[in-house]
Each structure stands twice: as structure tokens, then as C-alpha cells.
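What's in target.txt: compact mmCIF, C-alpha atoms
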```txt
# COMPACT_ATOMS: atom_id res chain seq x y z
CA MET A 10 66.03 -74.46 42.51
CA TYR A 11 64.13 -71.84 44.45
CA GLY A 12 60.65 -70.59 43.64
CA ASN A 13 59.87 -67.66 41.44
CA ASP A 14 58.46 -65.39 44.05
CA GLY A 15 60.84 -64.12 46.56
CA LEU A 16 64.51 -64.79 46.91
CA LEU A 17 63.95 -63.44 50.40
CA ASP A 18 61.71 -66.43 51.15
CA GLU A 19 64.63 -68.60 50.15
CA VAL A 20 66.88 -66.74 52.59
CA GLU A 21 64.32 -67.33 55.34
CA ALA A 22 64.13 -70.99 54.38
CA ALA A 23 67.91 -71.29 54.52
CA GLU A 24 67.92 -69.76 57.98
CA GLU A 25 65.26 -72.20 59.12
CA ALA A 26 67.13 -75.13 57.60
CA LEU A 27 70.23 -74.02 59.48
CA ARG A 28 68.29 -74.17 62.76
CA ASP A 29 66.67 -77.50 61.88
CA ALA A 30 69.97 -79.10 60.98
CA ALA A 31 71.48 -77.82 64.20
CA GLY A 32 68.85 -79.81 66.09
CA ARG A 33 69.75 -83.09 64.42
CA ARG A 34 72.45 -85.40 65.70
CA VAL A 35 75.28 -86.37 63.44
CA VAL A 36 75.53 -90.13 63.31
CA GLY A 37 78.63 -91.42 65.03
CA SER A 38 81.63 -92.01 62.84
CA GLU A 39 85.24 -93.01 63.07
CA GLY A 40 88.00 -90.49 62.58
CA LEU A 41 88.14 -86.81 61.78
CA ASP A 42 87.71 -87.07 58.02
CA ASP A 43 84.65 -89.24 58.50
CA TYR A 44 83.18 -86.83 60.98
CA PHE A 45 83.73 -83.91 58.61
CA THR A 46 82.00 -85.79 55.81
CA ALA A 47 79.18 -86.87 58.11
CA VAL A 48 78.52 -83.28 59.19
CA ILE A 49 78.38 -82.11 55.59
CA GLU A 50 76.15 -84.98 54.55
CA ALA A 51 73.76 -84.21 57.40
CA ASP A 52 73.54 -80.65 56.04
CA GLN A 53 74.97 -79.40 59.28
CA LYS A 54 77.56 -76.65 59.58
CA ILE A 55 81.30 -76.92 59.95
CA GLU A 56 82.41 -74.48 62.65
CA PRO A 57 85.75 -72.66 62.96
CA ARG A 58 87.45 -75.01 65.38
CA ASP A 59 86.27 -78.24 63.76
CA TRP A 60 88.79 -80.32 61.89
CA MET A 61 88.56 -79.69 58.13
CA PRO A 62 90.65 -80.73 55.13
CA ASP A 63 93.30 -78.17 54.25
CA SER A 64 91.89 -77.73 50.77
CA TYR A 65 88.41 -77.00 52.19
CA ARG A 66 89.94 -74.29 54.36
CA LYS A 67 91.94 -72.83 51.46
CA THR A 68 89.00 -72.87 49.08
CA LEU A 69 86.86 -71.03 51.62
CA ILE A 70 89.52 -68.45 52.41
CA ARG A 71 89.95 -67.76 48.71
CA GLN A 72 86.23 -67.50 48.07
CA ILE A 73 85.27 -65.48 51.15
CA ALA A 74 88.23 -63.12 50.73
CA GLN A 75 87.40 -62.56 47.08
CA HIS A 76 83.83 -61.90 48.08
CA ALA A 77 84.89 -59.43 50.80
CA HIS A 78 87.24 -57.62 48.42
CA SER A 79 84.39 -57.33 45.91
CA GLU A 80 82.21 -55.59 48.48
CA ILE A 81 85.01 -53.15 49.31
CA ILE A 82 85.95 -52.37 45.70
CA GLY A 83 82.25 -52.36 44.83
CA MET A 84 81.85 -49.14 46.81
CA GLN A 85 83.78 -47.23 44.16
CA PRO A 86 81.59 -47.35 41.04
CA GLU A 87 78.57 -46.18 43.03
CA GLY A 88 80.48 -43.88 45.37
CA ASN A 89 81.35 -42.05 42.17
CA TRP A 90 77.75 -40.79 42.04
CA ILE A 91 77.05 -39.87 45.68
CA SER A 92 77.96 -36.22 45.18
CA ARG A 93 75.94 -36.02 41.97
CA ALA A 94 72.80 -37.93 42.92
CA PRO A 95 69.82 -36.05 41.45
CA SER A 96 68.01 -35.43 44.75
CA LEU A 97 68.59 -35.48 48.49
CA LYS A 98 66.47 -38.63 48.73
CA ARG A 99 68.55 -40.46 46.13
CA LYS A 100 71.73 -39.29 47.80
CA ALA A 101 70.64 -40.57 51.23
CA ILE A 102 69.66 -43.92 49.70
CA LEU A 103 72.92 -44.26 47.81
CA LEU A 104 74.93 -43.39 50.92
CA ALA A 105 73.08 -46.09 52.87
CA LYS A 106 73.72 -48.58 50.09
CA VAL A 107 77.43 -47.87 49.86
CA GLN A 108 77.63 -48.07 53.66
CA ASP A 109 75.98 -51.51 53.43
CA GLU A 110 78.67 -52.64 50.97
CA ALA A 111 81.33 -51.64 53.49
CA GLY A 112 79.43 -53.53 56.17
CA HIS A 113 79.17 -56.63 53.96
CA GLY A 114 82.90 -56.48 53.33
CA LEU A 115 83.50 -56.38 57.08
CA TYR A 116 81.15 -59.30 57.86
CA LEU A 117 82.99 -61.34 55.26
CA TYR A 118 86.48 -60.40 56.44
CA ALA A 119 85.41 -61.47 59.93
CA ALA A 120 84.11 -64.77 58.53
CA ALA A 121 87.38 -65.34 56.64
CA GLU A 122 89.36 -64.62 59.80
CA THR A 123 87.69 -67.54 61.56
CA LEU A 124 89.61 -69.78 59.14
CA GLY A 125 92.93 -68.59 60.52
CA VAL A 126 93.92 -65.87 58.07
CA SER A 127 94.56 -62.43 59.58
CA ARG A 128 92.81 -59.20 58.63
CA ASP A 129 96.12 -57.56 57.77
CA GLU A 130 97.00 -60.38 55.41
CA LEU A 131 93.64 -60.09 53.67
CA VAL A 132 93.93 -56.33 53.26
CA GLN A 133 97.48 -56.68 51.94
CA MET A 134 96.46 -59.31 49.43
CA LEU A 135 93.85 -56.97 47.98
CA LEU A 136 96.23 -54.01 47.90
CA GLU A 137 98.95 -56.03 46.22
CA GLY A 138 96.56 -57.65 43.76
CA ARG A 139 97.34 -61.15 45.04
CA GLN A 140 93.65 -61.90 45.51
CA LYS A 141 90.88 -61.04 43.07
CA TYR A 142 87.58 -59.25 43.33
CA SER A 143 84.55 -59.52 41.06
CA SER A 144 85.25 -58.51 37.47
CA ILE A 145 82.08 -56.43 37.34
CA PHE A 146 83.54 -53.58 39.38
CA ASN A 147 86.11 -52.87 36.70
CA TYR A 148 83.45 -51.30 34.50
CA PRO A 149 82.86 -47.53 34.71
CA THR A 150 79.67 -45.78 35.87
CA LEU A 151 79.24 -43.19 33.12
CA THR A 152 75.77 -41.83 33.92
CA TRP A 153 73.28 -41.71 36.78
CA ALA A 154 71.34 -44.48 35.07
CA ASP A 155 74.32 -46.74 35.68
CA VAL A 156 73.56 -46.57 39.40
CA GLY A 157 70.11 -47.92 38.57
CA ALA A 158 71.50 -50.61 36.28
CA ILE A 159 73.99 -51.71 38.93
CA GLY A 160 71.23 -52.05 41.50
CA TRP A 161 68.92 -53.96 39.20
CA LEU A 162 71.36 -56.13 37.24
CA VAL A 163 74.58 -56.33 39.23
CA ASP A 164 72.94 -56.63 42.64
CA GLY A 165 70.29 -58.84 41.06
CA ALA A 166 72.95 -61.21 39.75
CA ALA A 167 74.78 -61.05 43.06
CA ILE A 168 71.62 -62.05 44.93
CA VAL A 169 70.97 -65.02 42.62
CA ASN A 170 74.57 -66.06 43.22
CA GLN A 171 74.51 -65.44 46.94
CA VAL A 172 71.17 -66.79 48.09
CA PRO A 173 72.34 -70.41 47.72
CA LEU A 174 75.44 -69.47 49.77
CA CYS A 175 73.08 -68.99 52.74
CA ARG A 176 73.12 -72.82 52.80
CA CYS A 177 76.91 -73.10 52.58
CA SER A 178 78.40 -75.82 54.76
CA TYR A 179 80.70 -73.41 56.59
CA GLY A 180 78.74 -71.86 59.48
CA PRO A 181 80.27 -68.37 59.72
CA TYR A 182 80.01 -67.87 55.95
CA ALA A 183 76.40 -69.11 55.81
CA ARG A 184 75.41 -66.83 58.68
CA ALA A 185 77.13 -63.81 57.13
CA MET A 186 75.38 -64.52 53.83
CA ILE A 187 71.96 -64.69 55.47
CA ARG A 188 72.56 -61.27 56.95
CA ILE A 189 73.92 -59.89 53.67
CA CYS A 190 71.11 -61.24 51.50
CA LYS A 191 68.47 -59.74 53.75
CA GLU A 192 70.11 -56.33 53.39
CA GLU A 193 70.85 -56.74 49.72
CA SER A 194 67.25 -56.91 48.57
CA PHE A 195 66.76 -53.18 49.10
CA HIS A 196 69.74 -52.58 46.84
CA GLN A 197 68.13 -54.30 43.92
CA ARG A 198 64.81 -52.56 44.44
CA GLN A 199 66.32 -49.08 44.66
CA GLY A 200 68.14 -49.70 41.37
CA TYR A 201 64.99 -50.93 39.72
CA GLU A 202 63.12 -47.86 40.94
CA ILE A 203 65.78 -45.53 39.52
CA LEU A 204 65.50 -47.21 36.11
CA HIS A 205 61.71 -47.26 36.25
CA THR A 206 61.64 -43.54 36.98
CA LEU A 207 64.05 -42.76 34.14
CA ALA A 208 62.30 -45.09 31.71
CA HIS A 209 59.03 -43.27 32.35
CA GLY A 210 60.57 -39.80 32.18
CA THR A 211 61.62 -37.76 29.15
CA GLY A 212 62.85 -39.34 25.95
CA GLY A 213 66.39 -38.44 26.93
CA GLN A 214 66.04 -40.06 30.33
CA LYS A 215 64.62 -43.23 28.84
CA ALA A 216 67.49 -43.37 26.34
CA MET A 217 69.95 -42.98 29.20
CA ALA A 218 68.33 -45.88 31.06
CA GLN A 219 68.41 -48.06 27.93
CA ASP A 220 72.07 -47.22 27.32
CA ALA A 221 72.97 -48.25 30.88
CA VAL A 222 71.12 -51.56 30.52
CA ASN A 223 72.87 -52.16 27.19
CA ARG A 224 76.28 -51.72 28.78
CA TRP A 225 75.65 -53.67 32.01
CA TRP A 226 73.72 -56.67 30.67
CA TYR A 227 76.57 -58.85 29.43
CA PRO A 228 79.06 -57.98 32.20
CA SER A 229 76.28 -58.96 34.65
CA LEU A 230 75.84 -62.33 32.92
CA ALA A 231 79.60 -62.81 33.16
CA MET A 232 79.40 -62.39 36.96
CA PHE A 233 78.32 -66.03 37.23
CA GLY A 234 81.76 -67.07 36.07
CA PRO A 235 82.93 -69.23 33.18
CA PRO A 236 80.64 -71.88 31.66
CA ASP A 237 80.42 -75.08 33.69
CA ALA A 238 82.72 -76.94 31.33
CA ASP A 239 85.55 -74.48 32.10
CA SER A 240 84.87 -73.87 35.77
CA THR A 241 87.89 -75.07 37.70
CA HIS A 242 86.67 -75.02 41.29
CA SER A 243 83.05 -75.99 40.84
CA GLU A 244 82.92 -79.74 41.25
CA GLN A 245 84.77 -80.00 44.54
CA SER A 246 82.89 -76.98 45.92
CA MET A 247 79.59 -78.65 45.09
CA ALA A 248 80.69 -81.85 46.86
CA TRP A 249 81.60 -79.83 49.95
CA LYS A 250 78.30 -77.96 49.74
CA ILE A 251 80.08 -74.65 49.57
CA LYS A 252 78.40 -74.15 46.25
CA ARG A 253 74.91 -75.49 45.54
CA PHE A 254 74.25 -74.77 41.86
CA SER A 255 76.44 -74.57 38.80
CA ASN A 256 77.41 -71.29 37.13
CA ASP A 257 75.25 -71.99 34.10
CA ASP A 258 72.21 -72.91 36.19
CA LEU A 259 72.43 -69.67 38.12
CA ARG A 260 72.99 -67.63 34.97
CA GLN A 261 69.90 -69.17 33.39
CA ARG A 262 67.94 -68.44 36.51
CA PHE A 263 69.00 -64.78 36.37
CA VAL A 264 68.09 -64.39 32.68
CA ASP A 265 64.67 -65.93 33.26
CA MET A 266 64.00 -63.48 36.09
CA CYS A 267 65.15 -60.40 34.19
CA VAL A 268 63.03 -60.74 31.05
CA GLN A 269 59.72 -59.92 32.68
CA GLN A 270 61.30 -57.22 34.85
CA ALA A 271 62.68 -55.53 31.72
CA GLU A 272 59.22 -55.59 30.15
CA VAL A 273 57.75 -53.74 33.12
CA LEU A 274 60.52 -51.18 32.82
CA GLY A 275 59.71 -50.74 29.14
CA LEU A 276 63.36 -51.35 28.30
CA THR A 277 64.87 -54.04 26.12
CA LEU A 278 67.66 -56.44 26.95
CA PRO A 279 70.38 -56.10 24.31
CA ASP A 280 70.10 -59.63 22.95
CA PRO A 281 68.35 -60.22 19.60
CA ASP A 282 68.41 -63.97 20.20
CA LEU A 283 66.64 -63.84 23.53
CA ARG A 284 63.51 -65.97 23.24
CA TRP A 285 61.39 -68.39 25.23
CA ASN A 286 62.19 -72.03 24.66
CA GLU A 287 59.03 -74.02 25.27
CA GLN A 288 60.91 -77.28 25.47
CA ARG A 289 63.41 -76.19 28.08
CA GLN A 290 60.89 -73.95 29.84
CA ALA A 291 63.59 -71.29 29.93
CA TYR A 292 64.89 -68.47 27.79
CA ASP A 293 67.52 -69.03 25.14
CA TYR A 294 70.05 -66.23 25.31
CA THR A 295 73.42 -65.13 24.00
CA GLN A 296 76.36 -66.00 26.25
CA PRO A 297 78.56 -63.14 27.46
CA ASP A 298 82.02 -62.76 25.96
CA TYR A 299 84.11 -65.08 28.15
CA ASP A 300 87.35 -63.91 26.57
CA GLU A 301 86.50 -60.44 27.77
CA LEU A 302 85.77 -61.88 31.22
CA LYS A 303 89.21 -63.51 31.26
CA ARG A 304 90.88 -60.26 30.23
CA VAL A 305 89.07 -58.25 32.90
CA ILE A 306 89.84 -60.82 35.61
CA SER A 307 93.50 -60.88 34.66
CA GLY A 308 93.75 -57.12 35.11
CA ASP A 309 92.91 -55.67 31.73
CA GLY A 310 89.40 -54.30 32.15
CA PRO A 311 88.38 -50.67 31.64
CA CYS A 312 88.99 -49.63 35.28
CA ASN A 313 91.22 -52.26 36.96
CA ARG A 314 94.18 -49.97 37.52
CA GLN A 315 91.99 -47.09 38.66
CA ARG A 316 90.12 -49.24 41.20
CA THR A 317 93.26 -50.69 42.72
CA ALA A 318 95.07 -47.36 42.76
CA HIS A 319 92.11 -45.74 44.49
CA ARG A 320 91.97 -48.47 47.14
CA ARG A 321 95.71 -48.13 47.79
CA ARG A 322 95.43 -44.38 48.07
CA ALA A 323 92.44 -44.57 50.43
CA HIS A 324 94.31 -47.10 52.56
CA ALA A 325 97.46 -44.96 52.70
CA GLU A 326 95.53 -41.79 53.45
CA GLY A 327 93.72 -43.52 56.30
CA ALA A 328 96.96 -44.68 57.93
CA TRP A 329 97.18 -41.73 60.32
CA VAL A 330 93.65 -42.40 61.58
CA ARG A 331 94.45 -46.03 62.32
CA GLU A 332 97.71 -45.03 64.01
CA ALA A 333 96.04 -42.32 66.08
CA ALA A 334 93.31 -44.71 67.24
CA ALA A 335 95.90 -47.32 68.18
CA ALA A 336 98.02 -44.75 70.03
CA TYR A 337 94.96 -43.48 71.92
CA ALA A 338 93.96 -47.01 72.87
CA LYS A 339 97.48 -47.78 74.08
CA LYS A 340 97.66 -44.63 76.18
CA HIS A 341 94.38 -45.38 77.91
CA ALA A 342 95.04 -49.07 78.38
CA LYS A 343 97.25 -48.42 81.41
CA MET B 29 102.24 -52.60 58.42
CA SER B 30 101.56 -51.44 61.96
CA GLY B 31 100.08 -53.66 64.67
CA GLU B 32 96.70 -55.14 63.91
CA TRP B 33 93.76 -53.90 65.99
CA PRO B 34 92.44 -56.52 68.41
CA LEU B 35 89.45 -58.69 67.56
CA TRP B 36 86.16 -58.19 69.42
CA GLU B 37 83.17 -60.51 69.56
CA VAL B 38 79.84 -58.74 69.29
CA PHE B 39 76.63 -59.74 71.10
CA VAL B 40 73.32 -58.02 70.42
CA ARG B 41 70.09 -58.10 72.42
CA PRO B 42 67.41 -57.90 69.73
CA ARG B 43 64.57 -56.79 72.00
CA ARG B 44 63.87 -56.27 75.66
CA GLY B 45 63.30 -59.62 77.28
CA LEU B 46 65.60 -61.60 74.97
CA SER B 47 69.18 -62.51 75.79
CA HIS B 48 72.22 -61.13 73.99
CA GLY B 49 73.20 -63.36 71.09
CA HIS B 50 76.48 -63.57 69.21
CA VAL B 51 76.21 -61.85 65.84
CA GLY B 52 79.81 -61.68 64.63
CA SER B 53 83.11 -59.99 65.25
CA LEU B 54 85.05 -56.89 64.28
CA ARG B 55 88.41 -55.23 64.77
CA ALA B 56 88.78 -52.03 66.76
CA PRO B 57 91.57 -50.32 68.73
CA ASP B 58 89.69 -50.13 72.04
CA ALA B 59 86.40 -50.98 73.73
CA VAL B 60 84.71 -47.64 73.05
CA MET B 61 85.52 -47.78 69.35
CA ALA B 62 84.50 -51.43 69.26
CA LEU B 63 81.10 -50.52 70.65
CA ARG B 64 80.60 -47.71 68.16
CA ASN B 65 81.77 -49.83 65.26
CA ALA B 66 79.46 -52.62 66.40
CA ARG B 67 76.55 -50.21 66.33
CA ASP B 68 77.39 -49.13 62.78
CA LEU B 69 78.16 -52.63 61.58
CA TYR B 70 75.54 -54.82 63.22
CA THR B 71 72.58 -52.57 64.02
CA ARG B 72 72.11 -50.40 60.93
CA ARG B 73 68.48 -51.51 60.78
CA GLN B 74 67.55 -51.38 64.45
CA GLU B 75 68.50 -55.00 65.02
CA GLY B 76 69.09 -54.43 68.70
CA VAL B 77 68.50 -52.43 71.85
CA SER B 78 71.76 -53.37 73.57
CA ILE B 79 75.25 -54.43 72.48
CA TRP B 80 78.12 -56.19 74.29
CA VAL B 81 81.62 -56.22 72.87
CA VAL B 82 84.09 -58.68 74.35
CA PRO B 83 87.79 -59.00 73.51
CA ALA B 84 88.06 -62.26 71.57
CA THR B 85 91.13 -63.15 73.66
CA ALA B 86 89.00 -63.04 76.82
CA ILE B 87 86.90 -65.95 75.62
CA THR B 88 87.91 -69.45 76.65
CA ALA B 89 86.22 -72.04 74.48
CA ALA B 90 85.72 -75.76 74.91
CA SER B 91 87.70 -77.66 72.34
CA PRO B 92 85.69 -79.54 69.70
CA ASP B 93 88.24 -82.38 69.91
CA GLU B 94 87.25 -82.98 73.50
CA LYS B 95 83.57 -82.56 72.79
CA ASP B 96 82.68 -86.16 73.60
CA ALA B 97 84.68 -86.47 76.79
CA PHE B 98 83.49 -83.06 77.87
CA PHE B 99 79.78 -83.39 77.31
CA ASP B 100 79.13 -87.14 77.40
CA PRO B 101 78.87 -87.43 81.21
CA ALA B 102 75.46 -85.75 80.91
CA ALA B 103 74.23 -88.27 78.36
CA ASP B 104 73.51 -91.15 80.73
CA LYS B 105 71.75 -89.11 83.37
CA VAL B 106 68.28 -89.49 82.05
CA TYR B 107 66.93 -89.10 85.57
CA ARG B 108 67.55 -85.35 85.20
CA HIS B 109 64.52 -85.15 82.93
CA PRO B 110 60.98 -85.24 84.34
CA THR B 111 59.96 -87.78 81.70
CA PHE B 112 62.17 -90.36 83.46
CA TYR B 113 59.68 -90.76 86.26
CA GLU B 114 56.54 -92.79 86.27
CA VAL B 115 53.53 -90.89 87.42
CA PRO B 116 50.89 -93.06 89.11
CA ASP B 117 47.44 -92.97 87.54
CA GLY B 118 45.09 -90.48 89.00
CA VAL B 119 47.60 -88.13 90.57
CA ARG B 120 46.96 -84.49 89.70
CA HIS B 121 48.99 -81.30 89.52
CA LEU B 122 52.32 -83.18 89.30
```

Using C-alpha cells, write down the structure that the file contains.
Amino acid sequence: MYGNDGLLDEVEAAEEALRDAAGRRVVGSEGLDDYFTAVIEADQKIEPRDWMPDSYRKTLIRQIAQHAHSEIIGMQPEGNWISRAPSLKRKAILLAKVQDEAGHGLYLYAAAETLGVSRDELVQMLLEGRQKYSSIFNYPTLTWADVGAIGWLVDGAAIVNQVPLCRCSYGPYARAMIRICKEESFHQRQGYEILHTLAHGTGGQKAMAQDAVNRWWYPSLAMFGPPDADSTHSEQSMAWKIKRFSNDDLRQRFVDMCVQQAEVLGLTLPDPDLRWNEQRQAYDYTQPDYDELKRVISGDGPCNRQRTAHRRRAHAEGAWVREAAAAYAKKHAK
Amino acid sequence: MSGEWPLWEVFVRPRRGLSHGHVGSLRAPDAVMALRNARDLYTRRQEGVSIWVVPATAITAASPDEKDAFFDPAADKVYRHPTFYEVPDGVRHL
């Protein structure tokens, strides 16, 4: 796995590996399937017009679309606080962050489109609930400290999840992820700074920060998906080098990173059984409630209906803008 | 749903002196909007000093299936590289 200091270094390394691999020749092979396998084994990238197994294409469309939808829905919990950010500085930062999420959604939609699915189809699938987005965005942001906790824990977990995707075997996805991960690191830091400020403020502010961490800790652990034993897509995705590490490995990695960061904040992680295991050289921790994860994914989280309804409303209310732009373009095309 | 906006490929010149490189694509109703969207989407952190947007339909690409037939003719023309030639001992500035 990657070194302790600097997920960003790992992103750089992935970008370099991408260039290195591009310089190597794939050894000659017979037939399309062989060639596909040879490219993947050489750690090279599959590109949009290359032959690929149908199931590889479908898996990627599902994963990239779900990822794109998550970025789009992910604007809502934080957007909720833009108008109430405690200072102009915080407001400007939060605006930039939410704008980044929109941008990440668009990079990913564009990457998904290279696999032959259309933008309209993708948008419709989100609106009609036929494709999922990350369960984490179905939790409410009750206080300003939640914006900090999302940056630190949710974006932190997302980065741990996403950095290995910079080495994904599908070129457009890997390239989009490199761009996203580079931008994402400011998100985590701004969240951490919000919590640090609150945790070193008044007693009330510190309590608010602790409450937010208490509520976001386990849902953040659940972001890595079900335990390996129950993960349906993992094995094939690992073989195709879409995925590089198992859910449990990444979750462990995230826990191990957070413990020291929480200490610096002066906040506690809400797990009485969290302790260093000398033998494993990792922290023992309490697993998140996977039944809850299943319920939230299947539509029964605290905010599922609200999030989807809001997205539908925003889409409907923007229809006249899209139509006007299309009409203008048509008129001037002559 | 109404007609989908066309797809545009985006090329950004990172700094003066470098060539425009492909960075990704986006959908926009026309060229002016595509350019503005490209600025907002691909240069939020001063990643470039110039942007090209090209309708994706205007790009004709070589097919990967024909890659070998298409590019192989160059493979056996080693004499196009300076290293192919023997340089006699003692000759300078060659």
C-alpha cells in the first residue's frame, strides 16, 4: 500500500506510472481477448476504442456513473451551509469546494460517456433512481461542524478510496481520477481546519465539533463498502485492475490515518474498542453497522428522498435554461 | 427529454511555449458556451493560458483495429533514424 506521508505523492506516482507504462510495448498476442489481457497485465491503459469484454465495459459504466452521481448529489449536504457559513472566507472556500464537486461530476460523466453511454441516459438514471450514489450523502448536515467533519472524514475516506483509482486500467477514468485527487486534497484540509478551529474555541464549539465527529465516523467507515467476504464485484474488478485494494484493506488504512489526526484535533473517535494492535501493526476498531449501510443504499436513509427530490427539482427548474441555450445555438448555427 | 447538447473535446495550453494538450470533454450548446464551460471546468486553478474546444464530431480518429496495418510501415524504416548510420572514426561535428 502507499506510504504514510502524502496521498498526493501517490497520485504523482500514479501519473508517472501511467507515462512509464505508455512508453512500454505490449508483447504481441493473438486475438482481441489476448490483447486486452496483455495490455492490462503490462499495466497499460485500455482506451475508449479498444476492444474490451462487455462485462468490463458494464462494470466501468456502473462504477463511473455511480461515482459521478455521488459528486453531484454530494453538493447538497454542503450546499446547505453556503448561506450560513460563519465568515466570508469560509463561504468563499465552501463555494469553491462545492463547485469542485460539480466539476468532478462532469469529468466523470465525460469519462463514462467514452464507454458508449450517453449523458442524457446517465442523468435520467440518477433522476429515476436506477443508478446509485454513495450512501454517505443521505446523512444530514445539522451544524456548521458537519461541514468540517465531511471535509475531514468523508473527503478523507473518499481520497483513500480514490487514490488507487488513479492506477485504474481504463485510461479516461484513471486520468479523471488523477485530476480529481489533486483537487480533492484541499477539501480534506479545509474540513480539518474547520474542526481544528472549533475544537480550540469555546466549550460549546468544541462540543459541536465532537458531536459532528461522533455522527460522521461510522457512516464514513461504511463508505468503503461491505466487508470483503460480502463484496460482490470486488474479485473481478481486482483482476481487471479497476480496483487495486480490497474494501477492508482501504478501511483499515483510513482508520490508521485518522487516529493521530483526531489526537491533534483534541477530539475522540467514538469507538471504545479502538486500540493499537502490536501484532498486526494496525488499529483494532469496531466495524460500522452494515445493516444500516444496506438500508441506506436501498433507499431508506435519513435523507434519500430529500436528496433525490431536490435533484429532480433542480433539473426541472433548469430546463428552460437548457432549452434557451439550445434555441440560441440553433438560431446562430445558420 | 429534449435534444442532447453536442460533445466538445477540450485542449489546454498549460504555459506559453507548450502545445495544447487534450484534457477531456464536455457538453455545451455552442462553441462560445463550450469555451466558457471549458474555462470553468478545466482551468479553475490556472491550469492554462489558452483553450481550444473542438466539436467531437469534427475529429476523425484512426481505428485501433487497424493500428498494425496503419502504423507498421514505419517500423522497418530504421534508416530514418540517425543511429542507423555508421560514423567514421575521427569525423567531427556530424

Kindly assemble as JSON lines a list of the chain B residues that lie within 9 Å of chain A, each paired with its nearest atom pair and their distance in Å to one decimal, using all atoms listed in the file, sorted first by chain and then by ascending residue number.
```
{"residue": "B:Met29", "atom": "CA", "partner": "A:Asp129", "partner_atom": "CA", "distance": 7.9}
{"residue": "B:Ser30", "atom": "CA", "partner": "A:Glu332", "partner_atom": "CA", "distance": 7.8}
{"residue": "B:Gly31", "atom": "CA", "partner": "A:Ala335", "partner_atom": "CA", "distance": 8.4}
{"residue": "B:Glu32", "atom": "CA", "partner": "A:Asp129", "partner_atom": "CA", "distance": 6.6}
{"residue": "B:Trp33", "atom": "CA", "partner": "A:Ala335", "partner_atom": "CA", "distance": 7.3}
{"residue": "B:Val51", "atom": "CA", "partner": "A:Arg184", "partner_atom": "CA", "distance": 8.8}
{"residue": "B:Gly52", "atom": "CA", "partner": "A:Tyr116", "partner_atom": "CA", "distance": 7.3}
{"residue": "B:Ser53", "atom": "CA", "partner": "A:Ala119", "partner_atom": "CA", "distance": 6.0}
{"residue": "B:Leu54", "atom": "CA", "partner": "A:Ala119", "partner_atom": "CA", "distance": 6.3}
{"residue": "B:Arg55", "atom": "CA", "partner": "A:Ala119", "partner_atom": "CA", "distance": 8.4}
{"residue": "B:Ala56", "atom": "CA", "partner": "A:Ala334", "partner_atom": "CA", "distance": 8.6}
{"residue": "B:Pro57", "atom": "CA", "partner": "A:Ala335", "partner_atom": "CA", "distance": 5.3}
{"residue": "B:Asp58", "atom": "CA", "partner": "A:Ala338", "partner_atom": "CA", "distance": 5.4}
{"residue": "B:Ala59", "atom": "CA", "partner": "A:Ala338", "partner_atom": "CA", "distance": 8.6}
{"residue": "B:Met61", "atom": "CA", "partner": "A:Ala334", "partner_atom": "CA", "distance": 8.6}
{"residue": "B:Asp68", "atom": "CA", "partner": "A:Gly112", "partner_atom": "CA", "distance": 8.2}
{"residue": "B:Leu69", "atom": "CA", "partner": "A:Gly112", "partner_atom": "CA", "distance": 5.6}
{"residue": "B:Tyr70", "atom": "CA", "partner": "A:Gly112", "partner_atom": "CA", "distance": 8.2}
{"residue": "B:Arg72", "atom": "CA", "partner": "A:Asp109", "partner_atom": "CA", "distance": 8.5}
{"residue": "B:Arg73", "atom": "CA", "partner": "A:Glu192", "partner_atom": "CA", "distance": 9.0}
{"residue": "B:Ser91", "atom": "CA", "partner": "A:Arg58", "partner_atom": "CA", "distance": 7.5}
{"residue": "B:Pro92", "atom": "CA", "partner": "A:Asp59", "partner_atom": "CA", "distance": 6.1}
{"residue": "B:Asp93", "atom": "CA", "partner": "A:Asp59", "partner_atom": "CA", "distance": 7.7}
```

* Counting all atoms listed in the file, the option among A:Val305, A:Ala216, A:Leu278, A:Cys267 closest to A:Gly234 ->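 Of A:Val305, A:Ala216, A:Leu278, A:Cys267, the one nearest A:Gly234 is A:Val305, counting all atoms listed in the file.
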
* Between atom CA of A:Ile49 and atom CA of A:Asp29, what is the spacing in Å? ->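 Computing it gives 14.1 Å between the two atoms.
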
* To do: For atom CA of A:Pro95 and atom CA of A:Gln214, quote the distance in Å rounded to one decimal.
  =>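 Computing it gives 12.4 Å between the two atoms.
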
* **Straight-line distance linking atom CA of A:Ser246 with atom CA of A:Leu16, stated in Å to one decimal** =>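 We find that atom CA of A:Ser246 and atom CA of A:Leu16 lie 22.1 Å from each other.
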
Write out as AutoDock Vina command-line options an axis-aligned box for stretch 46-64 of chain A: all of its atoms listed in the file, 8 Å added on each side, centre and edge lengths in Å with one decimal.
```
--center_x 83.4 --center_y -79.8 --center_z 58.1 --size_x 35.8 --size_y 30.2 --size_z 30.6
```

* To do: Extract, using all atoms listed in the file, all DNA, RNA and protein residues at most 8 Å from B:His50, discarding same-chain residues fewer than 2 positions from it, and format them as JSON, numbers by chain.
  => {"B": [37, 38, 39, 40, 48, 52]}

* Asked: Quick one: residues within 8 Å of A:Ile82, all atoms listed in the file counted, chain neighbours fewer than 2 positions away excluded, as number ranges by chain?
  -> A: 78-80, 84-85, 142, 146, 316, 320

Please reconstruct the missing atoms of stretch 65-76 of chain B (target: N, CA and C atoms) and return them as a short mmCIF file (atom, residue, chain, number, x, y, z; two decimals), in the frame of the given file.
```
data_model
loop_
_atom_site.label_atom_id
_atom_site.label_comp_id
_atom_site.auth_asym_id
_atom_site.auth_seq_id
_atom_site.Cartn_x
_atom_site.Cartn_y
_atom_site.Cartn_z
N ASN B 65 81.71 -49.10 66.53
CA ASN B 65 81.77 -49.83 65.26
C ASN B 65 80.70 -50.92 65.21
N ALA B 66 80.48 -51.56 66.35
CA ALA B 66 79.46 -52.62 66.40
C ALA B 66 78.09 -52.04 66.10
N ARG B 67 77.84 -50.85 66.63
CA ARG B 67 76.55 -50.21 66.33
C ARG B 67 76.41 -49.98 64.82
N ASP B 68 77.47 -49.44 64.21
CA ASP B 68 77.39 -49.13 62.78
C ASP B 68 77.36 -50.39 61.91
N LEU B 69 78.03 -51.43 62.41
CA LEU B 69 78.16 -52.63 61.58
C LEU B 69 76.98 -53.59 61.75
N TYR B 70 76.52 -53.75 62.99
CA TYR B 70 75.54 -54.82 63.22
C TYR B 70 74.13 -54.34 63.56
N THR B 71 73.94 -53.03 63.70
CA THR B 71 72.58 -52.57 64.02
C THR B 71 72.16 -51.40 63.13
N ARG B 72 72.50 -51.48 61.84
CA ARG B 72 72.11 -50.40 60.93
C ARG B 72 70.61 -50.36 60.69
N ARG B 73 69.92 -51.46 60.99
CA ARG B 73 68.48 -51.51 60.78
C ARG B 73 67.75 -51.82 62.08
N GLN B 74 68.20 -51.21 63.13
CA GLN B 74 67.55 -51.38 64.45
C GLN B 74 67.44 -52.83 64.86
N GLU B 75 68.52 -53.58 64.66
CA GLU B 75 68.50 -55.00 65.02
C GLU B 75 68.61 -55.22 66.51
N GLY B 76 68.90 -54.18 67.28
CA GLY B 76 69.09 -54.43 68.70
C GLY B 76 68.83 -53.22 69.57
#
```
